[in-house]
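Pasting coords_24.cif here (mmCIF, C-alpha atoms and all ligand atoms):
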```cif
data_upload
loop_
_atom_site.label_atom_id
_atom_site.label_comp_id
_atom_site.auth_asym_id
_atom_site.auth_seq_id
_atom_site.Cartn_x
_atom_site.Cartn_y
_atom_site.Cartn_z
CA MET A 126 112.72 110.87 94.85
CA GLN A 127 111.08 110.88 91.44
CA LEU A 128 107.82 112.79 91.54
CA LEU A 129 105.26 112.80 88.74
CA VAL A 130 103.27 116.06 88.74
CA LEU A 131 99.88 116.42 87.01
CA PRO A 132 98.43 119.92 87.58
CA GLY A 133 94.82 119.20 86.44
CA ASP A 134 92.04 121.72 85.76
CA GLY A 135 90.67 124.98 87.19
CA ILE A 136 92.86 126.17 90.09
CA GLY A 137 95.01 123.02 89.67
CA PRO A 138 97.86 124.66 87.69
CA GLU A 139 97.99 127.65 90.08
CA ILE A 140 98.14 125.65 93.33
CA THR A 141 100.51 123.12 91.74
CA ALA A 142 102.97 125.84 90.68
CA ALA A 143 102.91 127.34 94.19
CA THR A 144 103.39 123.90 95.75
CA LEU A 145 106.32 123.10 93.47
CA VAL A 146 108.11 126.29 94.57
CA THR A 147 107.78 125.05 98.16
CA LEU A 148 108.84 121.49 97.29
CA CYS A 149 111.93 122.74 95.45
CA ALA A 150 112.86 124.86 98.49
CA ALA A 151 112.37 121.82 100.74
CA SER A 152 114.48 119.66 98.42
CA GLU A 153 117.29 122.22 98.50
CA ARG A 154 117.08 122.82 102.26
CA PHE A 155 116.89 119.13 103.30
CA GLY A 156 118.89 117.53 100.48
CA LEU A 157 115.99 115.46 99.14
CA GLY A 158 117.19 115.28 95.54
CA LEU A 159 113.65 115.66 94.21
CA GLU A 160 113.37 114.96 90.47
CA ILE A 161 110.17 116.42 89.08
CA ARG A 162 108.54 115.28 85.87
CA GLU A 163 105.39 117.05 84.67
CA ASP A 164 102.67 115.72 82.40
CA ILE A 165 99.02 116.57 81.80
CA VAL A 166 95.60 115.13 82.66
CA GLY A 167 92.07 116.54 82.48
CA HIS A 168 90.71 119.00 79.94
CA GLU A 169 94.06 119.88 78.37
CA SER A 170 94.83 116.19 77.82
CA LEU A 171 91.35 115.63 76.39
CA ARG A 172 91.93 118.45 73.90
CA ARG A 173 95.41 117.28 72.90
CA TYR A 174 95.11 113.49 73.05
CA GLY A 175 91.37 112.71 73.05
CA THR A 176 91.51 111.33 76.59
CA THR A 177 91.76 112.87 80.04
CA VAL A 178 94.41 110.29 81.09
CA ARG A 179 96.81 108.50 78.71
CA SER A 180 98.12 105.00 79.48
CA GLU A 181 101.69 106.43 79.31
CA VAL A 182 100.84 108.62 82.30
CA LEU A 183 99.80 105.56 84.31
CA ALA A 184 103.08 103.85 83.37
CA ALA A 185 104.98 106.96 84.50
CA ALA A 186 103.00 107.01 87.78
CA ARG A 187 103.88 103.36 88.40
CA ALA A 188 107.55 104.06 87.77
CA ALA A 189 107.68 107.18 89.97
CA ASP A 190 108.18 107.24 93.75
CA GLY A 191 105.13 109.43 94.17
CA LEU A 192 102.42 111.32 92.36
CA LEU A 193 101.17 114.89 92.85
CA LEU A 194 97.73 115.27 91.27
CA GLY A 195 95.94 118.61 91.00
CA PRO A 196 92.13 118.69 91.05
CA ALA A 197 90.25 117.92 87.85
CA SER A 198 86.84 119.15 86.70
CA THR A 199 85.45 115.65 87.08
CA PHE A 200 81.81 116.68 86.83
CA ASP A 201 82.47 117.51 83.16
CA PHE A 202 83.67 113.97 82.40
CA ARG A 203 80.63 111.84 81.68
CA ASP A 204 81.50 109.32 78.97
CA GLU A 205 84.58 107.12 79.31
CA ALA A 206 84.04 105.88 75.73
CA LYS A 207 84.84 109.46 74.64
CA GLY A 208 88.02 109.54 76.74
CA GLU A 209 86.31 111.39 79.59
CA ILE A 210 87.88 109.49 82.48
CA ASN A 211 87.97 110.82 86.05
CA PRO A 212 91.76 111.04 86.68
CA SER A 213 91.30 110.83 90.43
CA MET A 214 89.32 107.59 90.15
CA PHE A 215 91.74 106.27 87.53
CA PHE A 216 94.84 106.51 89.73
CA ARG A 217 93.09 105.41 92.92
CA LYS A 218 91.81 102.31 91.15
CA ASN A 219 94.82 101.43 89.01
CA LEU A 220 97.42 102.05 91.73
CA ASP A 221 95.16 100.51 94.41
CA LEU A 222 95.40 103.60 96.64
CA PHE A 223 93.06 102.18 99.23
CA ALA A 224 93.45 104.62 102.12
CA ASN A 225 92.65 108.32 101.80
CA ILE A 226 94.18 110.16 104.74
CA ARG A 227 92.73 113.63 105.33
CA PRO A 228 94.01 115.58 108.35
CA ALA A 229 92.17 118.68 109.56
CA ARG A 230 93.50 120.96 112.29
CA THR A 231 93.16 124.55 113.39
CA TYR A 232 96.03 127.03 113.44
CA ASP A 233 97.02 130.00 115.60
CA GLY A 234 96.30 133.15 113.62
CA PHE A 235 93.08 132.02 112.03
CA PRO A 236 90.21 130.87 114.22
CA GLY A 237 88.59 127.59 113.25
CA ARG A 238 84.84 127.58 112.95
CA ALA A 239 84.34 125.27 115.95
CA GLY A 240 87.23 125.93 118.32
CA THR A 241 90.69 124.37 118.34
CA PHE A 242 91.00 120.80 117.10
CA ASP A 243 93.32 118.32 115.39
CA LEU A 244 91.89 115.18 113.79
CA VAL A 245 92.36 112.89 110.78
CA VAL A 246 89.68 111.32 108.59
CA VAL A 247 90.77 107.98 107.10
CA ARG A 248 88.49 107.13 104.22
CA GLU A 249 88.24 103.84 102.31
CA ASN A 250 89.15 104.81 98.78
CA THR A 251 88.47 101.96 96.37
CA GLU A 252 84.87 100.76 96.75
CA GLY A 253 81.69 101.78 98.59
CA PHE A 254 79.20 103.91 96.67
CA TYR A 255 81.78 104.97 94.05
CA ALA A 256 80.21 103.12 91.15
CA ASP A 257 82.87 104.25 88.67
CA ARG A 258 85.56 102.25 90.48
CA ASN A 259 83.90 99.53 92.54
CA MET A 260 83.62 97.00 89.69
CA ALA A 261 86.44 95.02 88.00
CA ALA A 262 84.68 95.66 84.68
CA GLY A 263 81.78 97.92 83.87
CA ASN A 264 80.14 100.43 86.13
CA GLY A 265 78.09 99.98 89.28
CA GLU A 266 75.40 102.39 88.07
CA ILE A 267 72.70 100.98 85.87
CA LEU A 268 69.96 102.78 83.98
CA VAL A 269 67.19 100.18 84.08
CA THR A 270 64.71 102.30 82.13
CA PRO A 271 65.07 106.00 81.23
CA ASP A 272 63.34 106.72 84.57
CA VAL A 273 64.92 104.09 86.84
CA ALA A 274 68.53 104.18 88.06
CA ILE A 275 70.32 101.74 90.37
CA SER A 276 73.63 102.67 92.04
CA LEU A 277 75.44 99.74 93.63
CA ARG A 278 77.63 99.99 96.72
CA ARG A 279 80.37 97.39 97.23
CA ILE A 280 81.80 96.56 100.67
CA THR A 281 84.39 93.80 101.13
CA ARG A 282 86.00 92.47 104.31
CA ALA A 283 89.46 92.78 102.77
CA CYS A 284 89.03 96.49 101.94
CA CYS A 285 87.47 97.26 105.35
CA ASN A 286 90.30 95.42 107.07
CA ARG A 287 93.15 97.15 105.26
CA VAL A 288 91.79 100.68 105.71
CA ALA A 289 91.05 99.94 109.38
CA ARG A 290 94.67 98.85 109.84
CA VAL A 291 95.94 102.14 108.39
CA ALA A 292 93.62 104.05 110.75
CA PHE A 293 94.64 102.11 113.86
CA GLU A 294 98.34 102.44 113.01
CA LEU A 295 97.81 106.18 112.69
CA ALA A 296 95.88 106.38 115.98
CA ALA A 297 98.76 104.53 117.65
CA ARG A 298 101.13 107.30 116.43
CA ARG A 299 98.73 110.04 117.65
CA ARG A 300 96.36 110.25 120.65
CA TYR A 301 95.15 106.63 120.78
CA ARG A 302 91.52 107.32 119.92
CA LEU A 303 89.62 105.97 116.95
CA THR A 304 86.01 106.59 115.93
CA ILE A 305 84.24 104.38 113.40
CA VAL A 306 81.67 106.36 111.39
CA HIS A 307 78.94 104.33 109.69
CA LYS A 308 75.24 103.97 108.85
CA ALA A 309 74.81 100.45 110.21
CA ASN A 310 71.34 101.28 111.51
CA VAL A 311 70.18 101.22 107.86
CA LEU A 312 73.01 99.59 105.87
CA LYS A 313 73.07 96.72 108.34
CA VAL A 314 74.93 94.27 106.12
CA GLY A 315 77.58 96.49 104.49
CA ASP A 316 78.26 98.88 107.35
CA GLY A 317 77.76 96.02 109.81
CA MET A 318 80.68 94.31 108.08
CA PHE A 319 82.69 97.54 108.14
CA ILE A 320 82.25 97.86 111.93
CA GLU A 321 83.04 94.16 112.48
CA GLU A 322 86.32 94.39 110.55
CA CYS A 323 87.33 97.65 112.28
CA ARG A 324 86.65 96.11 115.68
CA ALA A 325 88.58 92.94 114.70
CA VAL A 326 91.64 94.98 113.70
CA GLY A 327 91.20 97.05 116.86
CA ARG A 328 91.77 93.95 119.02
CA GLU A 329 95.42 94.09 117.85
CA PHE A 330 95.66 97.69 119.12
CA ALA A 331 94.60 97.35 122.75
CA ALA A 332 95.93 100.82 123.65
CA VAL A 333 93.61 102.54 121.17
CA ALA A 334 90.16 103.46 122.57
CA VAL A 335 87.43 102.80 120.00
CA ASP A 336 83.91 104.12 119.67
CA ASP A 337 81.45 104.36 116.82
CA VAL A 338 79.07 107.08 115.67
CA ILE A 339 76.26 107.03 113.09
CA VAL A 340 77.17 109.30 110.18
CA ASP A 341 74.20 111.68 110.41
CA ALA A 342 74.77 112.29 114.13
CA MET A 343 78.47 112.68 113.34
CA MET A 344 77.69 115.87 111.41
CA ALA A 345 76.36 117.38 114.67
CA HIS A 346 79.15 115.99 116.89
CA VAL A 347 81.96 117.17 114.64
CA VAL A 348 80.53 120.69 114.43
CA ARG A 349 79.71 120.80 118.15
CA THR A 350 82.90 119.24 119.59
CA PRO A 351 85.54 118.38 116.97
CA GLN A 352 88.04 118.28 119.89
CA ARG A 353 86.50 114.95 120.86
CA PHE A 354 87.97 113.22 117.78
CA ASP A 355 91.45 111.96 116.95
CA VAL A 356 91.33 109.44 114.07
CA ILE A 357 88.05 108.78 112.27
CA VAL A 358 87.70 105.79 109.95
CA THR A 359 84.82 105.47 107.53
CA THR A 360 83.65 104.21 104.15
CA ASN A 361 84.30 105.99 100.88
CA MET A 362 81.44 108.44 100.41
CA PHE A 363 80.92 109.27 104.09
CA GLY A 364 84.66 110.05 104.32
CA ASP A 365 84.54 112.26 101.24
CA ILE A 366 81.70 114.35 102.64
CA LEU A 367 82.90 114.40 106.26
CA SER A 368 86.42 115.50 105.30
CA ASP A 369 85.19 118.54 103.36
CA LEU A 370 83.29 119.51 106.51
CA THR A 371 86.31 119.03 108.79
CA ALA A 372 88.57 120.99 106.37
CA GLU A 373 86.10 123.88 106.29
CA LEU A 374 85.71 123.76 110.10
CA SER A 375 89.49 124.09 110.37
CA GLY A 376 89.28 127.37 108.44
CA SER A 377 88.92 126.61 104.74
CA LEU A 378 88.56 123.86 102.20
CA GLY A 379 91.83 125.35 100.96
CA LEU A 380 93.57 123.80 103.99
CA GLY A 381 92.32 120.29 103.20
CA GLY A 382 95.45 118.21 102.63
CA SER A 383 95.02 114.62 101.54
CA LEU A 384 97.15 111.57 100.78
CA ASN A 385 95.92 108.58 98.79
CA ALA A 386 98.07 105.68 99.98
CA GLY A 387 98.37 102.06 98.88
CA GLY A 388 100.89 99.29 99.50
CA ASP A 389 103.32 100.38 96.77
CA HIS A 390 102.22 103.82 95.63
CA ALA A 391 100.96 107.09 97.04
CA MET A 392 99.39 110.19 95.54
CA ALA A 393 99.19 113.66 97.06
CA GLN A 394 95.95 115.36 96.08
CA ALA A 395 94.08 118.22 97.71
CA ALA A 396 90.73 117.26 99.24
CA HIS A 397 88.85 119.88 97.23
CA GLY A 398 87.88 120.15 93.57
CA SER A 399 88.99 122.40 90.69
CA ALA A 400 87.08 125.44 92.09
CA PRO A 401 86.08 126.96 88.70
CA ASP A 402 84.53 129.93 90.56
CA ILE A 403 88.01 131.21 91.52
CA ALA A 404 90.19 129.67 88.77
CA GLY A 405 92.69 131.99 87.07
CA LYS A 406 92.30 134.72 89.74
CA ASN A 407 95.45 133.96 91.77
CA VAL A 408 93.38 133.69 94.97
CA ALA A 409 93.20 129.91 95.55
CA ASN A 410 94.85 128.68 98.71
CA PRO A 411 97.80 126.44 97.73
CA PHE A 412 98.22 124.99 101.25
CA SER A 413 95.79 122.11 100.64
CA LEU A 414 98.08 120.73 97.92
CA THR A 415 101.26 121.77 99.74
CA LEU A 416 100.16 119.92 102.89
CA SER A 417 99.22 116.93 100.72
CA ALA A 418 102.74 116.99 99.27
CA ALA A 419 104.15 117.05 102.81
CA LEU A 420 102.10 113.93 103.62
CA LEU A 421 103.62 112.28 100.52
CA LEU A 422 107.18 113.16 101.58
CA ALA A 423 106.50 111.72 105.05
CA TRP A 424 105.01 108.54 103.52
CA HIS A 425 108.07 108.11 101.29
CA GLY A 426 110.47 108.79 104.18
CA ARG A 427 108.76 106.26 106.49
CA ARG A 428 108.56 103.60 103.79
CA ARG A 429 112.14 103.95 102.60
CA GLN A 430 113.47 104.88 106.04
CA ILE A 431 114.99 108.14 104.77
CA LYS A 432 114.82 110.52 107.70
CA PRO A 433 115.28 113.83 105.79
CA PHE A 434 111.96 113.27 104.01
CA GLU A 435 110.13 113.06 107.33
CA THR A 436 112.06 116.11 108.58
CA ALA A 437 111.13 118.05 105.43
CA ALA A 438 107.46 117.08 105.79
CA ALA A 439 107.39 118.26 109.41
CA ALA A 440 109.16 121.51 108.39
CA ILE A 441 106.57 122.21 105.66
CA GLU A 442 103.75 121.71 108.17
CA LYS A 443 105.52 124.00 110.64
CA ALA A 444 106.13 126.62 107.94
CA VAL A 445 102.43 126.54 106.97
CA ALA A 446 101.45 127.04 110.63
CA ALA A 447 103.90 129.97 110.94
CA ALA A 448 102.66 131.52 107.67
CA ILE A 449 99.06 131.36 108.93
CA ALA A 450 100.08 132.91 112.26
CA ALA A 451 101.84 135.73 110.33
CA HIS A 452 98.84 136.16 107.97
CA GLU A 453 101.07 135.46 104.93
CA VAL A 454 98.15 133.69 103.31
CA THR A 455 95.34 133.84 100.77
CA PRO A 456 91.98 135.63 101.42
CA ASP A 457 90.03 132.45 102.32
CA ILE A 458 91.96 132.35 105.61
CA GLY A 459 92.16 136.06 106.23
CA GLY A 460 95.23 137.09 104.23
CA GLU A 461 95.81 139.40 101.30
CA LEU A 462 98.40 137.44 99.33
CA GLY A 463 97.80 135.77 96.00
CA THR A 464 98.40 132.07 95.34
CA ARG A 465 101.83 132.73 93.78
CA GLU A 466 102.91 135.12 96.54
CA THR A 467 101.76 132.70 99.26
CA GLY A 468 103.85 129.90 97.71
CA ALA A 469 106.89 132.16 97.35
CA ALA A 470 106.62 133.41 100.96
CA LEU A 471 106.32 129.83 102.23
CA ALA A 472 109.39 128.76 100.25
CA THR A 473 111.41 131.67 101.68
CA ARG A 474 110.26 130.80 105.20
CA LEU A 475 111.22 127.14 104.67
CA ALA A 476 114.66 128.01 103.33
CA ARG A 477 115.34 129.93 106.57
CA MET A 478 114.22 127.10 108.90
P1 LIG A 501 85.27 122.58 94.91
O1 LIG A 501 85.88 121.77 96.00
O2 LIG A 501 86.06 122.78 93.68
O3 LIG A 501 84.90 124.05 95.50
C1 LIG A 501 83.99 124.23 96.58
C2 LIG A 501 84.19 125.64 97.17
O4 LIG A 501 85.44 125.70 97.87
C3 LIG A 501 84.25 126.73 96.11
O5 LIG A 501 83.64 127.88 96.61
C4 LIG A 501 85.73 126.97 95.90
O6 LIG A 501 86.05 128.25 95.45
C5 LIG A 501 86.28 126.70 97.31
N1 LIG A 501 87.65 126.20 97.25
C6 LIG A 501 88.06 124.98 96.81
N2 LIG A 501 89.37 124.88 96.85
C7 LIG A 501 89.84 126.06 97.33
C8 LIG A 501 91.15 126.57 97.59
N3 LIG A 501 92.26 125.85 97.38
N4 LIG A 501 91.26 127.83 98.06
C9 LIG A 501 90.18 128.57 98.31
N5 LIG A 501 88.91 128.15 98.08
C10 LIG A 501 88.75 126.89 97.60
O7 LIG A 501 83.87 121.92 94.59
P2 LIG A 501 82.91 122.11 93.30
O8 LIG A 501 82.87 123.54 92.91
O9 LIG A 501 81.68 121.41 93.65
O10 LIG A 501 83.61 121.26 92.16
C11 LIG A 501 84.30 121.82 91.05
C12 LIG A 501 84.79 120.70 90.16
O11 LIG A 501 85.77 119.91 90.85
C13 LIG A 501 83.69 119.72 89.72
O12 LIG A 501 83.91 119.38 88.36
C14 LIG A 501 83.91 118.51 90.61
O13 LIG A 501 83.44 117.32 90.03
C15 LIG A 501 85.41 118.53 90.73
N6 LIG A 501 85.99 117.82 91.89
C16 LIG A 501 87.19 117.24 91.67
C17 LIG A 501 87.85 116.63 92.70
C18 LIG A 501 89.19 116.01 92.44
O14 LIG A 501 89.73 116.15 91.34
N7 LIG A 501 89.78 115.35 93.40
C19 LIG A 501 87.28 116.62 94.00
C20 LIG A 501 86.06 117.26 94.20
C21 LIG A 501 85.41 117.87 93.13
#
```

Any chance you could give the structure as structure tokens?
Amino acid sequence: MQLLVLPGDGIGPEITAATLVTLCAASERFGLGLEIREDIVGHESLRRYGTTVRSEVLAAARAADGLLLGPASTFDFRDEAKGEINPSMFFRKNLDLFANIRPARTYDGFPGRAGTFDLVVVRENTEGFYADRNMAAGNGEILVTPDVAISLRRITRACCNRVARVAFELAARRRYRLTIVHKANVLKVGDGMFIEECRAVGREFAAVAVDDVIVDAMMAHVVRTPQRFDVIVTTNMFGDILSDLTAELSGSLGLGGSLNAGGDHAMAQAAHGSAPDIAGKNVANPFSLTLSAALLLAWHGRRRQIKPFETAAAAIEKAVAAAIAAHEVTPDIGGELGTRETGAALATRLARM
């Protein structure tokens, strides 16, 4: 498998280095033949090349079997004309990575903040309120006068349908429950369409029980009884917000693994941002990116029908669970190890499995 690795900004290089140690151990242990090529995006690329993402990097991403993207300091990037492009948006849009799969589960050894649970948020990833990517040309945010701004939200049947299909397929591999999260009481047209398409796809999955919950009430339900949920499907921005909450409820944002998947490409990318408050301190939890990488290996294995990739992905998840139970982890989930040491301990554990 050829993997393109782009460490990004802030804690990105630290959690990427720790994840690569684990991936190399997995490659050795399970005979994956991983070939890793590194390049740069974000601030370093802006300094060196005048743009946060070069077109050569997109070409390399298209040619690779998978992409590992570290977080970028996207809030700093305001003007695309000056090369300040959001790398996350750029790859999601250009590789059509339409489904963002964000599991959240609790682990023995570190109590979750709302009891034991295991769920997955499936978030539409290419349209919705994300004005920097929901137009073929231009931007969906308009400054009408210096004091009037309009932000446009795009919802299409095709995008609702394809993300719903991913969510139902996932529910059919898990506990056969799917919850549609929406705001159709206010966004009657757009979220009405989202619910309609989810329900239409659901008719092909008779064994999956479906319900729907309004997004504001969902914040209460998911804190009160996250055990109630299996797979949750929702639009872009609701999924972004909800999945940070579910990751933190599971113990830490630093456990928030995430896969951006399309028809032909997939990108592993932690759910969180570049965490400038802890960057360079060797305290960031690398498991978010490591678990994202495991999701990518599983995706590749399923797609190409190469069993060792799925075995390696399951082993990484098991090794993370065992590391948490043994407190061989970073301070955010109760440990005393640094980012580097956590990655090294996980790699050693994996090599012995
Ligand atoms: P953040 O997700 O970076 O951090 C929020 C909080 O969670 C911070 O306290 C941080 O220390 C903590 N945290 C995050 N990851 C952690 C980890 N692995 N281990 C332990 N603690 C962790 O959110 P923010 O501070 O609002 O954003 C910082 C920058 O990241 C901004 O420029 C934002 O635009 C950008 N961002 C990028 C992405 C992306 O590249 N995919 C996603 C979200 C935010």

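Residues in contact with ligand LIG 501 (chain A) comprise Gly195, Pro196, Ala197, Ser198, Thr199, Phe200, Asp201, Ser213, Ser377, Leu378, Gly379, Gln394, Ala395, Ala396, His397, Gly398, Ser399, Ala400, Pro401, Asp402, Ile403, Val408, Ala409, Asn410, Pro411, Ser413 and Asp457 of chain A, where contact means an atom-to-atom distance of at most 7 Å counting all atoms listed in the file.
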
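Using all atoms listed in the file for every distance, the candidate list A:Val311, A:Ala188, A:Val348, A:Leu303 yields A:Leu303 as the residue closest to Asp336 in chain A.
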
Near range 156-172 of chain A, 9 Å: range 380-473 of chain A residue rows, closest pairs, only C-alpha atoms, as JSON lines:
```
{"residue": "A:Pro433", "atom": "CA", "partner": "A:Leu157", "partner_atom": "CA", "distance": 6.9}
{"residue": "A:Phe434", "atom": "CA", "partner": "A:Leu157", "partner_atom": "CA", "distance": 6.7}
{"residue": "A:Ala437", "atom": "CA", "partner": "A:Leu157", "partner_atom": "CA", "distance": 8.4}
```

Residue neighbourhood range 259-261 of chain A, 12 Å, only C-alpha atoms, exclusion window fewer than 4 positions, as JSON, numbers by chain: {"A": [214, 215, 217, 218, 219, 221, 223, 249, 250, 251, 252, 253, 254, 255, 265, 266, 276, 277, 278, 279, 280, 281, 284, 361]}

Atom pair CA of Arg203 in chain A / CA of Leu380 in chain A: separation (Å): 28.4 Å

Which protein, DNA or RNA residues are at most 12 Å from (99.4, 120.9, 96.1) in the file's coordinates when you count all atoms listed in the file, listed as a ChimeraX atom specification? /A:130-133,136-148,192-196,379-384,392-399,409-421,464,468

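Minimum atom-to-atom distance to Ala151 in chain A, evaluated using only C-alpha atoms, belongs to A:Glu442 out of A:Glu442, A:Asp204, A:Glu294, A:Asp389.
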
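The space separating CA of Gly388 in chain A from CA of Arg287 in chain A comes to 9.9 Å.
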
Put a box with edges along x, y and z around all the listed atoms of range 232-247 of chain A, pad it by 5 Å on each side, then give me its centre and sizes in Å, one decimal, as lines of an AutoDock Vina configuration file.
```
center_x = 90.7
center_y = 120.6
center_z = 112.7
size_x = 22.7
size_y = 35.2
size_z = 21.2
```

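Taking CA of Phe293 in chain A as the reference point, CA of Ile305 in chain A is found at 10.7 Å.
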
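Closest approach to Asn407 in chain A from the set A:Ala206, A:Leu462, A:Ile366, A:Ala296 is made by A:Leu462, with distances taken over only C-alpha atoms.
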
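If you measure from each of A:Val338, A:Met478, A:Ala469, A:Ala309 to Ala440 in chain A using only C-alpha atoms, the closest one turns out to be A:Met478.
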
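Nearest-residue note for Asn310 in chain A: choosing from A:Asp243, A:Glu322, A:Asp337, A:Glu329, the minimum distance belongs to A:Asp337, counting all atoms listed in the file.
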
Residue nearest Gln352 in chain A - candidates A:Phe155, A:Phe242, A:Phe235, A:Phe330, atoms counted: only C-alpha atoms: A:Phe242
